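Input: a single structure, listed below in structure tokens.
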Amino acid sequence: MLGLNKKDTSLMIVVAILALFAPFILNPFPEGSAMAQFNAGYPDLMQRFVIFGIFAIGFNILFGLTGYLSFGHAAFLGIGSYSVVWMYKLLDYNVIWGLPLAIITSGLFALLIGYVSLRRSGIYFSILTLAFAQMSFNLAYSVLTPITNGETGLQVYTDDAQVLLGANEATSPHLFGIVMNSSAKLDLGPWSFTFNNGYYFCAIILLLVFYLAIRIFRSPFGMMLRAIKSNQTRLNYTGLNPRPYALAAFVISGMYAGLAGGLMAAMDPLAGAERMQWTASGEVVLMTILGGTGTLIGPVLGAGFIKYFENIFSKINDNILHQWFAFLPDGLEDFVVFIIHPFIGKGWHLTLGILFMLVVIFLPGGLVEGGQRIKRALSRKKDADAAKTEPAE
Amino acid sequence: MGILEVKDVGKRFGGLQALSDVNLSVKENSVHAIIGPNGAGKSTLLNCLVGKLIPDTGSVMFDGQSVLGRTPYEINQMGISRVFQTPEIFGDLTVMENMMIPCFAKRDGAFRMHAIENMMAEKDIVEKAEAMLVDMNMADKKDMHSASMSRGDKRRLEIGMCLAQEPRLLLLDEPTAGMARADTNNTIDLLKQISDEREITIAIIEHDMHVVFSLANRITVLAQGTPLVEDDPENIRGNPKVREAYLGETA
């Protein structure tokens with residue numbers, strides 16, 4: 001279907017189902033129950049799942065296929081956001097103007113940064129990209145204040161031009177009148193599900209770019225990128241020039257990052273320099289490695305995993321812990337809360353760090369490898385069961 | 001005029017004159033062996049031919065065109081393929097994918113952006129790669145992870161990948177180094193078959209005299225960075241100068 005083989009088609013269908021039914025899947029616990037705080041089915045978080053998923057898919061085209069580890073992809077994220085907000089300021093709140101511009105400008109910046117950085121490989125490449133990203137961050141934060149509005153962040157003011165703004169037009173981001181931050185609610189018994197326009201807009205774009213990523217993975221171009229990772233010497237002595245291939249991969253992944261940044265601004269009409277900071281670049285590296293480098297679905301899983309922990313674990317506080325462990329004797333209760341305390345709330349990074357170490361040590365292939373192992377164990381068990389039922393000879 | 005003409009090539013590394021006044025002419029469709037003791041400059045010479053090193057003096061002409069100053073992939077696109085001492089293949093890719101890459105390089109040149117097409121839908125490439133695998137007796141290993149093959153198979157695959165580019169000159173750098181006797185003999189047979197069946201010139205650097213005398217129809221002996229003799233195999237065997245270079249004066 002659509003030029004995909006059977007396996008990729010089923011993967012595509014699974015991702016489509018997950019994306020379209022996410023409001024149900026992520027809200028398994030009834031409203032008001034003790035477990036409700038583990039629900040992730042609210043628009044803000046779902047949008048972040050999808051946007052960082054797009055970011056990580058693009059990053060994986062560079063890192064997963066060619067092995068070039070960029071530590072500066074957040075720069076493109078920021079460039080995408082600024083492009084979109086500038087279109088709000090100059091034209092109007094319709095995201096149709098800003099998103100293509102976000103992709104184009106981040107692509108141009110990626111061309112420039114990639115052209116210089118790809119003269120080196122390995123750790124030197126990583127350092128060069130990191131340097132470029134930090135330069136971009138500092139420029140956005142201070143020097144380029146007229147364009148980026150410095151530390152306040154770029155936003156729309158009432159005296160902005162907005163030449164296309166109609167009289168009855170919405171004053172928040174929309175797509176031809178479909179307002180991003182409006183939602184429909186569905187109450188089923190004790191459950192409550194939210195369907196947000198912005199989320200579905202992002203989800204549809206995710207499906208498009210995920211499909212594009214599958215096509216790239218299965219194309220001759222994708223094979224050349226894997227060949228770069230595998231053996232550049234052989235590639236050179238096979239009459240192929242690795243540099244334009246790597247540069248093309250860098251630009252494509254920069255455009256993915258720009259699109260993700262643009263979507264952030266499409267959900268919330270703000271753009272700040274902190275989006276370009278190196279921690280954001282590092283985060284996408286973690287997402288890709290955690291999910292499974294070089295796999296199709298891995299980066300999306302990694303992005304979801306990290307964003308879930310960031311938002312859910314950071315919300316748990318000592319009061320909630322005391323409620324959970326209320327059944328214990330007083331002294332013991334305090335002790336248990338004391339032990340768990342550093343891992344929750346602001347300490348969620350500690351939990352993430354431990355999980356990351358466990359995954360890297362025990363599942364070098366990331367969450368995808370975990371899934372494959374479970375699948376293999378299950379099928380082995382099935383085989384063993386089948387063997388048992390056969391009559392002995 | 002040979003297909004490859006090396007004239008007065010010299011190369012110095014710091015205080016070491018690795019090559020001096022190297023003159024070499026490789027005739028079209030011949031098998032030309034370059035032999036010599038350790039440190040004679042065989043590998044340096046080879047690296048000068050493929051663009052990895054640039055000689056300080058002299059010229060290297062391939063088919064009437066200079067190769068000097070060109071990058072390895074440009075020289076490869078001119079029609080020179082190289083087999084390495086330790087097989088260089090794409091270890092993370094399957095055998096079939098390994099074979100498809102040189103086919104793409106032959107058809108599309110050094111760079112082409114084909115990011116949306118499905119690679120398995122490129123019928124001509126798939127057919128050519130499959131035919132090449134059959135030629136190399138590797139059709140059954142098509143879907144294998146190439147890094148997991150034996151050294152002999154990796155060598156076979158590498159030679160096949162070079163041939164898939166239809167080169168006019170195939171350079172081999174000690175193709176049987178570190179191989180068991182049986183694998184060595186297989187490689188000799190394979191190379192014999194290639195030079196009999198294809199319009200191809202082979203230049204081979206080799207240590208193993210058994211390999212050299214079973215394949216070559218022209219031999220250049222290199223010693224201390226400069227050619228000692230160039231002659232037919234029969235004459236090389238009895239040449240006292242060659243003996244001296246290999247075994248020392250007292251022998």
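In the structure tokens, chains take the letters A, B, ... in the order shown, each chain's residues start at 1, and ligands count up from 1 in the order shown.
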
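Residues surrounding Leu4 (chain B) within 10 Å are Met1, Lys7, Leu24, Ser25, Val26, Lys27, Glu28, Leu49, Val60, Met61, Phe62, Asp63, Gly64, Gln65, Ser66, Ile80, Leu169, Thr201 and Ala203 of chain B [only C-alpha atoms; sequence separation below 3 positions excluded].
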
Which polymer residues have any atom within 7 Å of an atom of region 48-64 of chain A, counting only C-alpha atoms, with same-chain residues fewer than 5 positions away left out, as a PDB file with C-alpha atoms, in the first residue's frame?
```
ATOM      1  CA  LEU A  69      25.684  12.684  16.269  1.00  0.00           C
ATOM      2  CA  CYS A 202      -0.074  17.800  14.841  1.00  0.00           C
ATOM      3  CA  ALA A 203      -1.018  14.122  14.693  1.00  0.00           C
ATOM      4  CA  LEU A 206       3.184  13.361  12.353  1.00  0.00           C
ATOM      5  CA  ALA A 249      20.473  13.939   5.608  1.00  0.00           C
ATOM      6  CA  PHE A 250      21.498  16.839   7.848  1.00  0.00           C
ATOM      7  CA  SER A 253      16.619  16.339   9.736  1.00  0.00           C
ATOM      8  CA  TYR A 256      12.009  18.083  10.568  1.00  0.00           C
ATOM      9  CA  ALA A 257      13.292  19.983  13.612  1.00  0.00           C
ATOM     10  CA  ALA A 260       8.535  20.611  15.102  1.00  0.00           C
ATOM     11  CA  LEU A 263       4.273  23.368  15.493  1.00  0.00           C
ATOM     12  CA  VAL A 284      16.391  14.654  21.484  1.00  0.00           C
ATOM     13  CA  MET A 287      14.815  10.296  23.105  1.00  0.00           C
ATOM     14  CA  THR A 288      16.353   8.650  20.051  1.00  0.00           C
ATOM     15  CA  THR A 293      18.500   4.389  17.268  1.00  0.00           C
ATOM     16  CA  GLY A 294      18.034   3.653  13.602  1.00  0.00           C
ATOM     17  CA  PRO A 299      12.299   7.824  18.322  1.00  0.00           C
ATOM     18  CA  VAL A 300       8.535   8.345  18.645  1.00  0.00           C
ATOM     19  CA  ALA A 303       9.870  11.036  22.814  1.00  0.00           C
ATOM     20  CA  GLY A 304       6.616   9.849  24.358  1.00  0.00           C
ATOM     21  CA  LYS A 307       7.692  13.618  27.874  1.00  0.00           C
TER      22      LYS A 307
END
```

Interface rows for chain A against chain B: nearest pair, Å to one decimal, 12 Å, only C-alpha atoms, as CSV:
```
residue,atom,partner,partner_atom,distance
A:Leu2,CA,B:Asn118,CA,10.9
A:Gly3,CA,B:Asn118,CA,7.4
A:Leu4,CA,B:Asn118,CA,8.2
A:Asn5,CA,B:Asn118,CA,9.6
A:Ile61,CA,B:Ala115,CA,11.6
A:Leu65,CA,B:Asp92,CA,10.9
A:Thr66,CA,B:Asp92,CA,11.6
A:Gly67,CA,B:Asp92,CA,11.9
A:Tyr211,CA,B:Ile116,CA,10.4
A:Leu212,CA,B:Ile116,CA,7.7
A:Ala213,CA,B:Ile116,CA,9.2
A:Ile214,CA,B:Ile116,CA,9.1
A:Arg215,CA,B:Ile116,CA,5.4
A:Ile216,CA,B:Ala115,CA,5.1
A:Phe217,CA,B:Ala115,CA,8.2
A:Arg218,CA,B:Asn118,CA,5.7
A:Ser219,CA,B:Asn118,CA,4.7
A:Pro220,CA,B:Met119,CA,4.9
A:Phe221,CA,B:Ala115,CA,4.9
A:Gly222,CA,B:Ala115,CA,6.7
A:Met223,CA,B:Glu97,CA,7.7
A:Met224,CA,B:Ile101,CA,7.4
A:Leu225,CA,B:Ala115,CA,10.4
A:Arg226,CA,B:Leu93,CA,7.7
A:Ala227,CA,B:Phe90,CA,6.1
A:Ile228,CA,B:Phe90,CA,8.7
A:Lys229,CA,B:Asp92,CA,8.4
A:Ser230,CA,B:Phe90,CA,5.3
A:Asn231,CA,B:Phe90,CA,5.5
A:Gln232,CA,B:Phe90,CA,8.7
A:Thr233,CA,B:Glu88,CA,7.5
A:Arg234,CA,B:Glu88,CA,5.8
A:Leu235,CA,B:Tyr73,CA,8.0
A:Asn236,CA,B:Tyr73,CA,4.9
A:Tyr237,CA,B:Tyr73,CA,5.5
A:Thr238,CA,B:Pro102,CA,5.9
A:Gly239,CA,B:Tyr73,CA,3.9
A:Leu240,CA,B:Ala110,CA,4.2
A:Asn241,CA,B:Ala110,CA,5.3
A:Pro242,CA,B:Phe111,CA,8.1
A:Arg243,CA,B:Phe111,CA,9.1
A:Pro244,CA,B:Phe111,CA,7.0
A:Tyr245,CA,B:Phe111,CA,7.2
A:Ala246,CA,B:Phe111,CA,10.8
A:Leu247,CA,B:Met113,CA,11.2
A:Ala248,CA,B:Met113,CA,8.3
A:Ala249,CA,B:Ala115,CA,9.9
A:Ile252,CA,B:Ala115,CA,10.5
A:Gly294,CA,B:Asp92,CA,11.7
```

Residues near Ile320 (chain A), cut-off 12 Å, only C-alpha atoms, skip fewer than 4 positions along chain, as a ChimeraX atom specification: /A:34-35,37,313-316,324-326,337,340-341,344-345

Resulting file, chosen residues, C-alpha atoms, as a compact mmCIF listing (two decimals), in the first residue's frame:
```txt
# COMPACT_ATOMS: atom_id res chain seq x y z
CA ALA A 34 -6.59 7.97 42.59
CA MET A 35 -4.89 6.91 39.38
CA GLN A 37 -2.96 11.73 37.75
CA PHE A 313 6.53 12.31 37.60
CA SER A 314 7.21 16.00 38.09
CA LYS A 315 3.61 16.47 39.28
CA ILE A 316 3.81 13.92 42.09
CA TRP A 324 -0.39 6.43 48.84
CA PHE A 325 1.52 5.14 51.82
CA ALA A 326 -1.07 6.11 54.44
CA VAL A 337 8.31 9.05 51.49
CA ILE A 340 11.15 8.28 47.22
CA HIS A 341 11.20 12.05 47.57
CA ILE A 344 9.69 12.85 42.13
CA GLY A 345 8.64 16.41 41.58
```

- prompt: Which residues come within 12 Å of Ala16 (chain A), counting only C-alpha atoms, excluding same-chain residues fewer than 5 positions away, as a ChimeraX atom specification?
  reply: /A:9-11,21-22,50,200,203-211,297

Top pick for closest residue to Ala266 (chain A), considering A:Val95, A:Ile25, A:Leu378, A:Leu20 and counting only C-alpha atoms: A:Val95

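Note that DSSP on the backbone gives strand (DSSP E or B) to these residues of region 43-251 of chain A: Asn94, Leu154, Gln155, His174, Leu175, Ile178, Val179, Ser183, Ala184, Lys185, Leu186, Asp187, Leu188, Trp191, Ser192, Phe193, Thr194, Phe195 and Asn196 of chain A.
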
Deliver the residues from the most recent selection as a file, using N, CA and C atoms, as an mmCIF file, in the first residue's frame.
```cif
data_model
loop_
_atom_site.group_PDB
_atom_site.id
_atom_site.type_symbol
_atom_site.label_atom_id
_atom_site.label_comp_id
_atom_site.auth_asym_id
_atom_site.auth_seq_id
_atom_site.Cartn_x
_atom_site.Cartn_y
_atom_site.Cartn_z
ATOM 1 N N ASN A 94 -3.150 32.588 10.900
ATOM 2 C CA ASN A 94 -3.279 31.327 10.180
ATOM 3 C C ASN A 94 -1.907 30.640 10.104
ATOM 4 N N LEU A 154 9.615 35.982 21.748
ATOM 5 C CA LEU A 154 8.860 36.643 20.682
ATOM 6 C C LEU A 154 7.383 36.342 20.848
ATOM 7 N N GLN A 155 6.552 37.382 20.812
ATOM 8 C CA GLN A 155 5.107 37.155 20.877
ATOM 9 C C GLN A 155 4.382 38.236 20.088
ATOM 10 N N HIS A 174 -4.716 29.373 14.237
ATOM 11 C CA HIS A 174 -5.781 28.564 13.639
ATOM 12 C C HIS A 174 -5.371 28.171 12.238
ATOM 13 N N LEU A 175 -6.079 27.193 11.678
ATOM 14 C CA LEU A 175 -5.868 26.804 10.286
ATOM 15 C C LEU A 175 -7.178 27.071 9.555
ATOM 16 N N ILE A 178 -10.077 26.903 11.851
ATOM 17 C CA ILE A 178 -10.108 25.835 12.861
ATOM 18 C C ILE A 178 -9.137 26.239 13.958
ATOM 19 N N VAL A 179 -9.658 26.620 15.106
ATOM 20 C CA VAL A 179 -8.806 27.184 16.151
ATOM 21 C C VAL A 179 -8.082 26.060 16.895
ATOM 22 N N SER A 183 -11.276 22.622 21.980
ATOM 23 C CA SER A 183 -11.399 21.179 22.146
ATOM 24 C C SER A 183 -12.852 20.792 22.271
ATOM 25 N N ALA A 184 -13.113 19.520 21.954
ATOM 26 C CA ALA A 184 -14.428 18.953 22.244
ATOM 27 C C ALA A 184 -14.251 17.960 23.378
ATOM 28 N N LYS A 185 -15.242 17.887 24.265
ATOM 29 C CA LYS A 185 -15.124 16.962 25.391
ATOM 30 C C LYS A 185 -16.169 15.877 25.255
ATOM 31 N N LEU A 186 -15.790 14.665 25.640
ATOM 32 C CA LEU A 186 -16.736 13.561 25.613
ATOM 33 C C LEU A 186 -16.712 12.913 26.988
ATOM 34 N N ASP A 187 -17.883 12.873 27.635
ATOM 35 C CA ASP A 187 -17.943 12.231 28.948
ATOM 36 C C ASP A 187 -18.638 10.894 28.823
ATOM 37 N N LEU A 188 -17.915 9.840 29.180
ATOM 38 C CA LEU A 188 -18.489 8.498 29.146
ATOM 39 C C LEU A 188 -18.431 7.958 30.564
ATOM 40 N N TRP A 191 -15.433 8.478 32.858
ATOM 41 C CA TRP A 191 -14.310 8.901 32.026
ATOM 42 C C TRP A 191 -14.627 10.202 31.312
ATOM 43 N N SER A 192 -13.558 10.959 31.057
ATOM 44 C CA SER A 192 -13.737 12.193 30.304
ATOM 45 C C SER A 192 -12.609 12.269 29.277
ATOM 46 N N PHE A 193 -12.969 12.401 27.999
ATOM 47 C CA PHE A 193 -11.963 12.440 26.939
ATOM 48 C C PHE A 193 -11.983 13.795 26.256
ATOM 49 N N THR A 194 -10.787 14.318 25.924
ATOM 50 C CA THR A 194 -10.688 15.618 25.284
ATOM 51 C C THR A 194 -10.142 15.458 23.871
ATOM 52 N N PHE A 195 -10.840 16.032 22.904
ATOM 53 C CA PHE A 195 -10.361 15.990 21.521
ATOM 54 C C PHE A 195 -10.012 17.405 21.115
ATOM 55 N N ASN A 196 -8.712 17.633 20.923
ATOM 56 C CA ASN A 196 -8.233 18.985 20.703
ATOM 57 C C ASN A 196 -7.851 19.169 19.233
#
```

message: I'd like the contact shell of Glu206 (chain B) - 6 Å cut-off, only C-alpha atoms, skipping same-chain residues fewer than 2 positions apart - returned as a ChimeraX atom specification.
response: /B:35,174,208
